[in-house]
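K.L.:
What follows is work_13.cif, made up of mmCIF, C-alpha atoms (C1' of nucleotides):
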```cif
data_protein
#
loop_
_atom_site.label_atom_id
_atom_site.label_comp_id
_atom_site.auth_asym_id
_atom_site.auth_seq_id
_atom_site.Cartn_x
_atom_site.Cartn_y
_atom_site.Cartn_z
CA MET A 1 3.31 -24.24 -68.15
CA ALA A 2 6.83 -25.62 -68.55
CA HIS A 3 9.16 -26.34 -65.68
CA LEU A 4 11.77 -23.71 -64.87
CA ASP A 5 15.28 -25.05 -64.84
CA ASP A 6 17.82 -22.61 -63.44
CA ASP A 7 20.75 -24.49 -64.95
CA ASP A 8 19.42 -24.44 -68.47
CA PRO A 9 21.62 -22.01 -70.38
CA ASP A 10 18.58 -20.99 -72.40
CA THR A 11 16.70 -20.06 -69.27
CA PHE A 12 16.67 -16.54 -68.02
CA ASP A 13 14.62 -15.47 -65.06
CA LEU A 14 12.96 -12.15 -65.68
CA ARG A 15 12.36 -11.98 -61.98
CA SER A 16 16.09 -11.78 -61.34
CA PHE A 17 16.75 -9.28 -64.10
CA LEU A 18 17.84 -6.11 -62.34
CA PRO A 19 15.92 -3.55 -64.44
CA PHE A 20 12.74 -5.56 -63.93
CA LEU A 21 13.40 -6.22 -60.27
CA LEU A 22 14.20 -2.58 -59.60
CA ASN A 23 11.04 -1.51 -61.29
CA GLN A 24 8.86 -3.97 -59.37
CA ALA A 25 10.44 -2.97 -56.07
CA ALA A 26 10.01 0.72 -56.89
CA GLU A 27 6.36 0.29 -57.78
CA GLU A 28 5.51 -1.87 -54.82
CA SER A 29 7.37 0.19 -52.26
CA SER A 30 5.89 3.49 -53.34
CA LEU A 31 2.27 2.34 -53.32
CA GLU A 32 1.55 3.13 -49.70
CA PHE A 33 3.24 6.51 -49.74
CA GLN A 34 1.51 7.34 -52.99
CA ARG A 35 -1.86 6.80 -51.38
CA VAL A 36 -0.99 9.51 -48.86
CA TYR A 37 0.10 12.28 -51.19
CA LYS A 38 -2.41 11.36 -53.84
CA ASN A 39 -5.60 10.60 -51.94
CA ARG A 40 -5.00 12.75 -48.89
CA TYR A 41 -3.31 15.74 -50.48
CA GLY A 42 -4.44 15.39 -54.09
CA MET A 43 -0.89 15.68 -55.34
CA LEU A 44 0.91 14.04 -58.23
CA ARG A 45 4.23 12.27 -58.02
CA THR A 46 6.23 15.07 -59.59
CA GLU A 47 4.41 17.66 -57.51
CA TRP A 48 5.45 15.98 -54.29
CA ARG A 49 9.03 15.75 -55.50
CA VAL A 50 9.18 19.41 -56.42
CA LEU A 51 7.53 20.36 -53.14
CA PHE A 52 10.18 18.42 -51.30
CA HIS A 53 13.04 20.09 -53.10
CA LEU A 54 11.76 23.53 -52.25
CA GLY A 55 10.92 22.51 -48.71
CA ASN A 56 14.31 21.03 -48.16
CA TYR A 57 16.60 23.37 -50.02
CA GLY A 58 14.70 26.62 -49.70
CA GLU A 59 14.79 28.59 -52.90
CA MET A 60 15.56 26.98 -56.25
CA THR A 61 14.89 27.52 -59.92
CA ALA A 62 13.12 24.96 -62.08
CA ARG A 63 16.46 24.22 -63.66
CA ASP A 64 18.03 23.41 -60.28
CA ILE A 65 15.30 20.87 -59.70
CA VAL A 66 15.73 19.34 -63.13
CA LEU A 67 19.45 18.85 -62.52
CA ARG A 68 19.18 17.65 -58.97
CA ALA A 69 16.27 15.24 -59.35
CA LYS A 70 16.71 14.31 -63.01
CA ILE A 71 13.08 15.08 -63.72
CA HIS A 72 12.28 16.25 -67.22
CA LYS A 73 11.71 19.97 -67.51
CA THR A 74 8.19 19.68 -68.91
CA LYS A 75 7.20 17.64 -65.88
CA VAL A 76 8.78 20.18 -63.55
CA SER A 77 7.08 23.03 -65.40
CA ARG A 78 3.65 21.46 -64.98
CA ALA A 79 4.27 20.47 -61.37
CA VAL A 80 5.29 24.04 -60.55
CA ARG A 81 2.09 25.32 -62.09
CA GLY A 82 0.06 22.78 -60.13
CA LEU A 83 1.70 23.74 -56.85
CA GLN A 84 1.26 27.41 -57.62
CA GLN A 85 -2.46 26.94 -58.27
CA ARG A 86 -2.78 25.29 -54.87
CA ARG A 87 -0.89 28.29 -53.46
CA TYR A 88 1.91 26.08 -52.17
CA LEU A 89 4.61 28.06 -53.93
CA HIS A 90 5.25 31.38 -55.56
CA ARG A 91 7.54 32.46 -58.35
CA LEU A 92 9.85 35.43 -58.36
CA ARG A 93 11.40 36.65 -61.60
CA ASP A 94 15.18 36.89 -61.27
CA GLU A 95 16.12 40.45 -62.22
CA ASN A 96 19.69 39.48 -63.08
CA ASP A 97 18.55 36.90 -65.60
CA ARG A 98 14.99 37.48 -66.63
CA ARG A 99 14.59 33.99 -68.09
CA VAL A 100 14.81 32.53 -64.62
CA GLU A 101 12.26 32.32 -61.81
CA GLN A 102 13.18 31.77 -58.21
CA LEU A 103 10.71 29.33 -56.67
CA SER A 104 9.91 29.10 -52.99
CA LEU A 105 7.19 27.62 -50.81
CA THR A 106 4.45 29.67 -49.23
CA ALA A 107 3.63 29.14 -45.57
CA SER A 108 0.97 26.58 -46.39
CA GLY A 109 3.33 24.87 -48.81
CA GLN A 110 5.87 24.57 -46.03
CA ALA A 111 3.25 23.17 -43.69
CA VAL A 112 2.28 20.47 -46.19
CA TYR A 113 5.92 19.76 -46.86
CA ARG A 114 6.62 19.17 -43.20
CA GLU A 115 3.67 16.83 -42.83
CA LEU A 116 4.59 14.78 -45.86
CA ARG A 117 8.25 14.74 -44.96
CA ASP A 118 7.47 13.24 -41.57
CA ILE A 119 5.27 10.60 -43.16
CA ALA A 120 7.98 9.83 -45.69
CA ARG A 121 10.55 9.50 -42.93
CA ASP A 122 8.39 7.03 -41.03
CA TYR A 123 7.61 5.12 -44.16
CA ASP A 124 11.24 4.88 -45.15
CA ALA A 125 12.12 3.61 -41.69
CA LYS A 126 9.43 0.98 -42.05
CA LEU A 127 10.83 -0.21 -45.35
CA ALA A 128 14.39 -0.22 -44.08
CA ALA A 129 13.35 -2.17 -40.99
CA ARG A 130 12.99 -5.23 -43.15
CA PHE A 131 16.80 -5.36 -43.27
CA THR A 132 19.68 -4.98 -40.88
CA THR A 133 21.14 -1.50 -40.56
CA GLY A 134 24.16 -2.53 -42.56
CA GLU A 135 22.09 -4.10 -45.29
CA ALA A 136 19.91 -1.03 -45.62
CA ALA A 137 22.95 1.23 -45.88
CA LEU A 138 24.44 -1.05 -48.51
CA LEU A 139 21.15 -1.07 -50.40
CA ARG A 140 21.03 2.71 -50.53
CA MET A 141 24.62 2.85 -51.64
CA MET A 142 24.01 0.36 -54.43
CA LEU A 143 20.86 2.10 -55.58
CA ARG A 144 22.63 5.43 -55.62
CA ARG A 145 25.34 3.93 -57.77
CA LEU A 146 22.84 2.35 -60.16
CA ALA A 147 20.98 5.65 -60.37
CA GLY A 148 24.16 7.50 -61.26
CA MET A 149 23.83 9.63 -58.14
CA ASP A 150 27.26 9.13 -56.70
CA MET B 1 20.28 27.32 -52.38
CA ALA B 2 20.60 26.43 -48.70
CA HIS B 3 23.22 24.16 -47.24
CA LEU B 4 22.19 20.56 -46.51
CA ASP B 5 22.83 19.50 -42.94
CA ASP B 6 22.37 15.80 -42.35
CA ASP B 7 22.04 16.23 -38.62
CA ASP B 8 19.24 18.73 -38.75
CA PRO B 9 16.12 16.86 -37.59
CA ASP B 10 14.09 18.93 -40.05
CA THR B 11 16.22 17.79 -42.95
CA PHE B 12 15.23 14.86 -45.02
CA ASP B 13 17.17 13.83 -48.07
CA LEU B 14 14.85 12.82 -50.88
CA ARG B 15 17.82 11.21 -52.51
CA SER B 16 18.04 8.71 -49.67
CA PHE B 17 14.31 8.04 -49.57
CA LEU B 18 13.89 4.44 -50.71
CA PRO B 19 10.84 4.86 -52.97
CA PHE B 20 12.56 7.74 -54.76
CA LEU B 21 15.92 6.01 -54.87
CA LEU B 22 14.40 2.81 -56.20
CA ASN B 23 12.60 4.71 -58.86
CA GLN B 24 15.68 6.61 -59.97
CA ALA B 25 17.75 3.43 -60.05
CA ALA B 26 15.05 1.62 -61.99
CA GLU B 27 14.77 4.36 -64.58
CA GLU B 28 18.46 4.87 -65.02
CA SER B 29 19.32 1.20 -65.19
CA SER B 30 16.67 0.35 -67.73
CA LEU B 31 17.51 3.15 -70.16
CA GLU B 32 20.09 1.28 -72.16
CA PHE B 33 18.06 -1.90 -72.43
CA GLN B 34 15.00 0.11 -73.31
CA ARG B 35 16.77 1.61 -76.27
CA VAL B 36 17.27 -1.90 -77.64
CA TYR B 37 13.74 -3.25 -77.40
CA LYS B 38 12.18 0.08 -78.24
CA ASN B 39 14.29 1.49 -81.03
CA ARG B 40 15.57 -1.76 -82.50
CA TYR B 41 12.49 -3.91 -82.09
CA GLY B 42 9.75 -1.32 -81.76
CA MET B 43 8.43 -2.94 -78.60
CA LEU B 44 6.92 -1.48 -75.47
CA ARG B 45 7.96 -2.33 -71.94
CA THR B 46 5.04 -4.61 -71.22
CA GLU B 47 5.34 -6.27 -74.61
CA TRP B 48 8.91 -7.30 -73.91
CA ARG B 49 7.91 -8.63 -70.53
CA VAL B 50 5.08 -10.71 -71.92
CA LEU B 51 7.31 -11.95 -74.74
CA PHE B 52 9.83 -13.08 -72.18
CA HIS B 53 7.33 -15.04 -70.17
CA LEU B 54 6.12 -16.94 -73.17
CA GLY B 55 9.63 -17.47 -74.45
CA ASN B 56 10.80 -18.72 -71.12
CA TYR B 57 7.86 -20.73 -69.88
CA GLY B 58 6.40 -21.92 -73.15
CA GLU B 59 2.64 -21.75 -73.07
CA MET B 60 0.77 -19.58 -70.62
CA THR B 61 -2.53 -17.79 -70.26
CA ALA B 62 -2.80 -14.05 -69.75
CA ARG B 63 -3.78 -14.78 -66.19
CA ASP B 64 -0.59 -16.77 -65.57
CA ILE B 65 1.41 -13.76 -66.71
CA VAL B 66 -0.58 -11.39 -64.53
CA LEU B 67 0.05 -13.55 -61.47
CA ARG B 68 3.69 -14.27 -62.14
CA ALA B 69 4.83 -10.82 -63.18
CA LYS B 70 2.28 -8.72 -61.27
CA ILE B 71 1.42 -6.77 -64.38
CA HIS B 72 -2.12 -5.41 -64.54
CA LYS B 73 -4.43 -7.41 -66.73
CA THR B 74 -5.31 -4.51 -69.00
CA LYS B 75 -1.63 -3.99 -69.73
CA VAL B 76 -1.19 -7.67 -70.45
CA SER B 77 -4.25 -7.64 -72.68
CA ARG B 78 -2.88 -4.78 -74.75
CA ALA B 79 0.61 -6.23 -74.92
CA VAL B 80 -0.78 -9.55 -76.13
CA ARG B 81 -2.68 -7.78 -78.87
CA GLY B 82 0.45 -5.85 -79.85
CA LEU B 83 2.56 -8.99 -80.02
CA GLN B 84 -0.13 -10.77 -81.98
CA GLN B 85 -0.28 -7.97 -84.54
CA ARG B 86 3.47 -8.33 -85.03
CA ARG B 87 2.88 -12.07 -85.44
CA TYR B 88 5.08 -12.86 -82.46
CA LEU B 89 2.43 -14.94 -80.72
CA HIS B 90 -0.80 -16.72 -81.37
CA ARG B 91 -3.78 -17.45 -79.18
CA LEU B 92 -5.56 -20.74 -78.78
CA ARG B 93 -8.95 -20.94 -77.12
CA ASP B 94 -8.93 -23.48 -74.27
CA GLU B 95 -11.76 -25.92 -74.98
CA ASN B 96 -12.02 -26.99 -71.34
CA ASP B 97 -12.59 -23.42 -70.19
CA ARG B 98 -13.67 -21.23 -73.04
CA ARG B 99 -12.90 -18.01 -71.15
CA VAL B 100 -9.20 -18.82 -71.34
CA GLU B 101 -6.72 -18.49 -74.18
CA GLN B 102 -3.45 -20.37 -74.30
CA LEU B 103 -0.75 -18.05 -75.56
CA SER B 104 2.45 -19.16 -77.24
CA LEU B 105 5.17 -17.62 -79.37
CA THR B 106 5.42 -18.12 -83.09
CA ALA B 107 8.77 -19.03 -84.60
CA SER B 108 9.63 -15.40 -85.21
CA GLY B 109 8.50 -14.51 -81.71
CA GLN B 110 10.88 -17.12 -80.35
CA ALA B 111 13.71 -15.77 -82.45
CA VAL B 112 13.19 -12.25 -81.14
CA TYR B 113 12.89 -13.59 -77.61
CA ARG B 114 16.22 -15.36 -77.83
CA GLU B 115 17.95 -12.28 -79.16
CA LEU B 116 16.55 -10.00 -76.50
CA ARG B 117 17.15 -12.52 -73.76
CA ASP B 118 20.83 -12.71 -74.62
CA ILE B 119 21.09 -8.94 -74.66
CA ALA B 120 19.29 -8.77 -71.32
CA ARG B 121 21.62 -11.35 -69.84
CA ASP B 122 24.69 -9.41 -70.90
CA TYR B 123 23.21 -6.18 -69.70
CA ASP B 124 22.32 -7.61 -66.32
CA ALA B 125 25.85 -8.96 -65.96
CA LYS B 126 27.20 -5.52 -66.76
CA LEU B 127 25.04 -3.91 -64.09
CA ALA B 128 25.90 -6.55 -61.51
CA ALA B 129 29.62 -6.19 -62.25
CA ARG B 130 29.56 -2.87 -60.43
CA PHE B 131 29.28 -4.89 -57.21
CA THR B 132 30.87 -7.94 -55.69
CA THR B 133 29.10 -11.24 -56.31
CA GLY B 134 27.86 -11.27 -52.75
CA GLU B 135 26.59 -7.72 -52.90
CA ALA B 136 24.73 -8.36 -56.14
CA ALA B 137 23.07 -11.45 -54.68
CA LEU B 138 22.10 -9.48 -51.59
CA LEU B 139 20.75 -6.68 -53.75
CA ARG B 140 18.52 -9.06 -55.70
CA MET B 141 17.31 -10.61 -52.50
CA MET B 142 16.45 -7.26 -50.98
CA LEU B 143 14.72 -6.05 -54.12
CA ARG B 144 12.70 -9.23 -54.30
CA ARG B 145 11.60 -8.70 -50.72
CA LEU B 146 10.67 -5.07 -51.34
CA ALA B 147 8.76 -6.10 -54.44
CA GLY B 148 6.80 -8.70 -52.47
CA MET B 149 8.19 -11.45 -54.68
CA ASP B 150 9.49 -13.74 -51.99
"C1'" DG C 1 26.13 45.96 -82.53
"C1'" DA C 2 23.82 42.69 -85.61
"C1'" DT C 3 23.64 37.59 -86.07
"C1'" DT C 4 23.71 33.18 -84.42
"C1'" DA C 5 23.64 29.84 -80.78
"C1'" DT C 6 22.29 28.54 -76.09
"C1'" DT C 7 19.51 28.41 -72.22
"C1'" DG C 8 15.23 28.60 -69.07
"C1'" DG C 9 10.87 27.58 -69.42
"C1'" DT C 10 6.15 26.65 -71.67
"C1'" DT C 11 2.74 24.66 -74.84
"C1'" DG C 12 0.36 21.34 -78.10
"C1'" DG C 13 -0.39 16.97 -79.90
"C1'" DT C 14 0.29 12.12 -79.58
"C1'" DT C 15 1.12 7.82 -76.81
"C1'" DT C 16 0.60 5.25 -72.66
"C1'" DT C 17 -1.32 4.31 -68.57
"C1'" DG C 18 -4.94 3.87 -65.05
"C1'" DT C 19 -9.57 2.98 -63.66
"C1'" DA C 20 -14.21 1.26 -64.25
"C1'" DA C 21 -17.34 -0.82 -66.36
"C1'" DC C 22 -18.43 -4.39 -69.51
"C1'" DT C 23 -19.00 -9.32 -71.94
"C1'" DA C 24 -18.70 -14.07 -71.79
"C1'" DT C 25 -17.99 -18.23 -69.48
"C1'" DC C 26 -17.88 -21.07 -65.59
"C1'" DA C 27 -18.93 -22.51 -60.52
"C1'" DA C 28 -21.87 -22.83 -56.33
"C1'" DG C 29 -25.95 -22.85 -53.72
"C1'" DC C 30 -30.46 -23.73 -53.46
"C1'" DG D 1 -31.81 -25.93 -63.64
"C1'" DC D 2 -32.00 -21.09 -62.10
"C1'" DT D 3 -30.06 -17.49 -59.66
"C1'" DT D 4 -25.97 -15.44 -57.73
"C1'" DG D 5 -21.34 -14.83 -57.68
"C1'" DA D 6 -16.74 -15.36 -59.33
"C1'" DT D 7 -13.24 -15.33 -63.08
"C1'" DA D 8 -10.74 -14.39 -67.88
"C1'" DG D 9 -10.27 -11.02 -70.74
"C1'" DT D 10 -11.60 -6.59 -73.37
"C1'" DT D 11 -12.96 -1.89 -74.06
"C1'" DA D 12 -13.84 3.10 -73.19
"C1'" DC D 13 -12.79 7.25 -71.12
"C1'" DA D 14 -9.93 10.11 -68.27
"C1'" DA D 15 -5.33 11.14 -66.40
"C1'" DA D 16 -0.63 11.34 -67.13
"C1'" DA D 17 3.81 10.99 -69.69
"C1'" DC D 18 6.49 11.88 -73.87
"C1'" DC D 19 8.28 14.48 -77.53
"C1'" DA D 20 8.86 18.20 -80.51
"C1'" DA D 21 8.37 22.69 -81.50
"C1'" DC D 22 8.17 26.95 -79.57
"C1'" DC D 23 9.03 31.89 -77.11
"C1'" DA D 24 11.83 34.98 -74.69
"C1'" DA D 25 16.13 36.28 -72.75
"C1'" DT D 26 21.02 35.93 -72.66
"C1'" DA D 27 25.72 34.74 -74.38
"C1'" DA D 28 29.01 34.31 -78.02
"C1'" DT D 29 30.85 35.41 -82.56
"C1'" DC D 30 32.06 38.18 -86.12
#
```
Step by step, read the file and then write its structure as structure tokens.

P.N.:
Amino acid sequence: MAHLDDDDPDTFDLRSFLPFLLNQAAEESSLEFQRVYKNRYGMLRTEWRVLFHLGNYGEMTARDIVLRAKIHKTKVSRAVRGLQQRRYLHRLRDENDRRVEQLSLTASGQAVYRELRDIARDYDAKLAARFTTGEAALLRMMLRRLAGMD
Amino acid sequence: MAHLDDDDPDTFDLRSFLPFLLNQAAEESSLEFQRVYKNRYGMLRTEWRVLFHLGNYGEMTARDIVLRAKIHKTKVSRAVRGLQQRRYLHRLRDENDRRVEQLSLTASGQAVYRELRDIARDYDAKLAARFTTGEAALLRMMLRRLAGMD
DNA sequence: GATTATTGGTTGGTTTTGTAACTATCAAGC
DNA sequence: GCTTGATAGTTACAAAACCAACCAATAATC
């Protein structure tokens, strides 16, 4: 295995390449939280995200979630069905525009949301504790900018 | 859709939650580069990553790549086969340990590597230009720590 | 007010990924 | 040197993601 020379103009460190680095950090830092919603609650990634949106914002349509979380509509559609089958949410046809369904959490959906939200909050604090308060704030700002969320 | 109150102890903004934020930033910031290796070169994500390692470090085994890039061995195995079918790399059985194969790029593999590497370098610079030099360095440091790469 | 375009949402088929189990080779202990 | 246990890499099957086409309802155009 050849020696890595940082000054070599032909050298390029994949491990400093932002898209790669972001992806590795995202994967690694979601592992522990994933174990909770997946193994303990039997939920998928998109399901948890949709659950959160409804838990946090109350009533939304699938379209609202697509726009706000930038999740593809087929994924949202399937997550909604999954959550409905678990009786975590119910759909209400909008009588003004009958294409649309208003989604909201059931009582048990809200209960699960609150549990997971608290776990997420603790977990986030744990991750952020690896940096100073200022660094963590800067990190979130930079990530939001990279994600096109500002 | 309810109003978001940051001071409400029951409120939790998914869009500030690091695992979510990291994921969104990773997806968004790899889109443009993905179009290049995917549409222009017909490569998959893991294939590009493996190609890079061989282009950058010369000769490696699949195991070296697994350890260095933290990519699962089945993904590496499939990417190696894909690259081999495109004649971008060839395998050489290690006679000292016949379980191992030394992997290295062919001439055309090296040519593609150099093209993609230059594109990646430009693209990374473009992403980093949204921050000051110090901020970008800090960002990479923090991501490396979150990814367990330090 | 019939026709066309757009929008919200779902479905079907193909790729990719994830997970386990598997083969082959080597290493260690006895 | 034979058994047991690791290690490098592959394969098979299930779970998930991706993409395109689709339906139904509404909006826009003439």

K.L.:
What are the closest atom pairs, with distances in Å to one decimal, for each residue of chain C lying within 8 Å of chain A, using only C-alpha atoms (C1' of nucleotides), rows by chain and rising residue number, as a tab-separated table?

P.N.:
```
residue	atom	partner	partner_atom	distance
C:DG8	C1'	A:Arg99	CA	5.5
C:DG9	C1'	A:Ser77	CA	7.2
C:DT10	C1'	A:Ser77	CA	7.3
```

K.L.:
Running the PyMOL selection byres ((chain A and resi 26) around 9) on this model by hand, what would come out? Give it as a list in words.

P.N.:
Leu21, Leu22, Asn23, Gln24, Ala25, Glu27, Glu28, Ser29, Ser30 and Leu31 of chain A; Leu18, Pro19, Phe20, Leu21, Leu22, Asn23, Gln24, Ala25, Ala26, Leu143, Leu146 and Ala147 of chain B

K.L.:
Put those residues in a file: C-alpha atoms, as a PDB file, keeping the file's coordinate frame.

P.N.:
```pdb
ATOM      1  CA  LEU A  21      13.400  -6.220 -60.270  1.00  0.00           C
ATOM      2  CA  LEU A  22      14.200  -2.580 -59.600  1.00  0.00           C
ATOM      3  CA  ASN A  23      11.040  -1.510 -61.290  1.00  0.00           C
ATOM      4  CA  GLN A  24       8.860  -3.970 -59.370  1.00  0.00           C
ATOM      5  CA  ALA A  25      10.440  -2.970 -56.070  1.00  0.00           C
ATOM      6  CA  GLU A  27       6.360   0.290 -57.780  1.00  0.00           C
ATOM      7  CA  GLU A  28       5.510  -1.870 -54.820  1.00  0.00           C
ATOM      8  CA  SER A  29       7.370   0.190 -52.260  1.00  0.00           C
ATOM      9  CA  SER A  30       5.890   3.490 -53.340  1.00  0.00           C
ATOM     10  CA  LEU A  31       2.270   2.340 -53.320  1.00  0.00           C
TER      11      LEU A  31
ATOM     12  CA  LEU B  18      13.890   4.440 -50.710  1.00  0.00           C
ATOM     13  CA  PRO B  19      10.840   4.860 -52.970  1.00  0.00           C
ATOM     14  CA  PHE B  20      12.560   7.740 -54.760  1.00  0.00           C
ATOM     15  CA  LEU B  21      15.920   6.010 -54.870  1.00  0.00           C
ATOM     16  CA  LEU B  22      14.400   2.810 -56.200  1.00  0.00           C
ATOM     17  CA  ASN B  23      12.600   4.710 -58.860  1.00  0.00           C
ATOM     18  CA  GLN B  24      15.680   6.610 -59.970  1.00  0.00           C
ATOM     19  CA  ALA B  25      17.750   3.430 -60.050  1.00  0.00           C
ATOM     20  CA  ALA B  26      15.050   1.620 -61.990  1.00  0.00           C
ATOM     21  CA  LEU B 143      14.720  -6.050 -54.120  1.00  0.00           C
ATOM     22  CA  LEU B 146      10.670  -5.070 -51.340  1.00  0.00           C
ATOM     23  CA  ALA B 147       8.760  -6.100 -54.440  1.00  0.00           C
TER      24      ALA B 147
END
```

K.L.:
Can I get the residues of chain D within 9 Å of chain B, each with the closest pair of atoms and their distance in Å to one decimal, using all atoms listed in the file, sorted chain first then ascending number, as a tab-separated table?

P.N.:
```
residue	atom	partner	partner_atom	distance
D:DT7	C1'	B:Arg99	CA	8.5
D:DA8	C1'	B:Arg99	CA	5.3
D:DG9	C1'	B:Ser77	CA	7.2
D:DT10	C1'	B:Ser77	CA	7.5
```

K.L.:
Take C1' of DC2 (chain D) and CA of Glu95 (chain B) and report the distance between them in Å, one decimal.

P.N.:
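So the two atoms, C1' of DC2 (chain D) and CA of Glu95 (chain B), lie 24.5 Å apart.
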
K.L.:
Within 9 Å of chain B, which residues of chain A show up when using only C-alpha atoms, listed as JSON, numbers by chain?

P.N.:
{"A": [1, 2, 3, 4, 10, 11, 12, 13, 14, 15, 16, 17, 18, 19, 20, 21, 22, 23, 24, 25, 26, 27, 28, 29, 30, 31, 33, 49, 52, 53, 56, 57, 58, 59, 60, 69, 70, 114, 117, 118, 120, 121, 124, 127, 128, 130, 131, 135, 136, 138, 139, 140, 142, 143, 144, 145, 146, 147, 148, 149]}

K.L.:
So that I can see what lies close to region 27-29 of chain D, please list as a ChimeraX atom specification the residues with an atom at most 10 Å from it, counting all atoms listed in the file and leaving out residues fewer than 3 positions away in the same chain.

P.N.:
/C:3-7

K.L.:
Can you work out the spacing between CA of Val80 (chain A) and C1' of DT17 (chain C) in Å, to one decimal?

P.N.:
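For CA of Val80 (chain A) relative to C1' of DT17 (chain C), the distance reads 22.3 Å.
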
K.L.:
Name every residue that the PyMOL selection byres ((chain D and resi 14) around 10) selects in this structure, writing the answer as a PDB file with C-alpha atoms (C1' of nucleotides), in the frame of the given file with chains first and numbers rising.

P.N.:
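result_21.pdb, written as the output of this step:
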```
ATOM      1  C1'  DG C  18      -4.940   3.870 -65.050  1.00  0.00           C
ATOM      2  C1'  DT C  19      -9.570   2.980 -63.660  1.00  0.00           C
TER       3       DT C  19
ATOM      4  C1'  DA D  12     -13.840   3.100 -73.190  1.00  0.00           C
ATOM      5  C1'  DC D  13     -12.790   7.250 -71.120  1.00  0.00           C
ATOM      6  C1'  DA D  15      -5.330  11.140 -66.400  1.00  0.00           C
ATOM      7  C1'  DA D  16      -0.630  11.340 -67.130  1.00  0.00           C
TER       8       DA D  16
END
```

K.L.:
Using the chain letters and numbers from this file, what does the PyMOL selection byres ((chain B and resi 109) around 8) select? Give the answer as number ranges by chain.

P.N.:
B: 51, 55, 87-89, 105-108, 110-113

K.L.:
Could you check how far C1' of DC23 (chain D) sits from CA of Arg86 (chain A), in Å to one decimal?

P.N.:
26.0 Å

K.L.:
Taking 6 positions as the minimum chain separation for residues in the same chain, which residues sit within 12 Å of DG13 (chain C) when counting only C-alpha atoms (C1' of nucleotides)? Answer as a list in words.

P.N.:
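Final neighbour list, sorted by chain and number: DC18, DC19, DA20 and DA21 of chain D.
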
K.L.:
Report as JSON, numbers by chain all protein, DNA and RNA residues lying within 12 Å of DG29 (chain C), evaluated on only C-alpha atoms (C1' of nucleotides), omitting residues in the same chain fewer than 3 positions from it.

P.N.:
{"D": [1, 2, 3, 4, 5]}

K.L.:
Pick out the closest residue to Glu47 (chain B) from this set: B:Ala129, B:Ile65, B:Ile119, B:Leu92. Count only C-alpha atoms.

P.N.:
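Among B:Ala129, B:Ile65, B:Ile119, B:Leu92, it is B:Ile65 that comes nearest to Glu47 (chain B).
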
K.L.:
Using only C-alpha atoms (C1' of nucleotides), which protein or nucleic acid residues come within 9 Å of DA17 (chain D)? Drop anything in the same chain fewer than 4 positions from it, and give the result as a ChimeraX atom specification.

P.N.:
/A:75 /C:15-17

K.L.:
Restrict the output to chain C and C-alpha atoms (C1' of nucleotides), then write it as a short mmCIF file (atom, residue, chain, number, x, y, z; two decimals), in the first residue's frame.

P.N.:
```cif
data_model
loop_
_atom_site.label_atom_id
_atom_site.label_comp_id
_atom_site.auth_asym_id
_atom_site.auth_seq_id
_atom_site.Cartn_x
_atom_site.Cartn_y
_atom_site.Cartn_z
"C1'" DG C 1 -68.43 23.68 -20.30
"C1'" DA C 2 -65.33 20.52 -22.74
"C1'" DT C 3 -60.26 19.90 -23.05
"C1'" DT C 4 -55.85 20.04 -21.39
"C1'" DA C 5 -52.53 20.57 -17.77
"C1'" DT C 6 -51.33 20.22 -12.88
"C1'" DT C 7 -51.40 18.38 -8.48
"C1'" DG C 8 -51.89 14.94 -4.45
"C1'" DG C 9 -51.17 10.56 -3.80
"C1'" DT C 10 -50.57 5.40 -4.92
"C1'" DT C 11 -48.82 1.24 -7.21
"C1'" DG C 12 -45.67 -2.03 -9.80
"C1'" DG C 13 -41.36 -3.46 -11.31
"C1'" DT C 14 -36.47 -3.05 -11.07
"C1'" DT C 15 -32.13 -1.91 -8.48
"C1'" DT C 16 -29.61 -1.66 -4.28
"C1'" DT C 17 -28.80 -2.67 0.15
"C1'" DG C 18 -28.63 -5.42 4.39
"C1'" DT C 19 -28.06 -9.68 6.81
"C1'" DA C 20 -26.66 -14.44 7.30
"C1'" DA C 21 -24.80 -18.09 5.98
"C1'" DC C 22 -21.32 -20.10 3.22
"C1'" DT C 23 -16.44 -21.54 1.05
"C1'" DA C 24 -11.67 -21.52 1.21
"C1'" DT C 25 -7.48 -20.59 3.38
"C1'" DC C 26 -4.64 -19.81 7.19
"C1'" DA C 27 -3.28 -19.78 12.39
"C1'" DA C 28 -3.17 -21.72 17.13
"C1'" DG C 29 -3.44 -25.10 20.60
"C1'" DC C 30 -2.87 -29.48 21.88
#
```
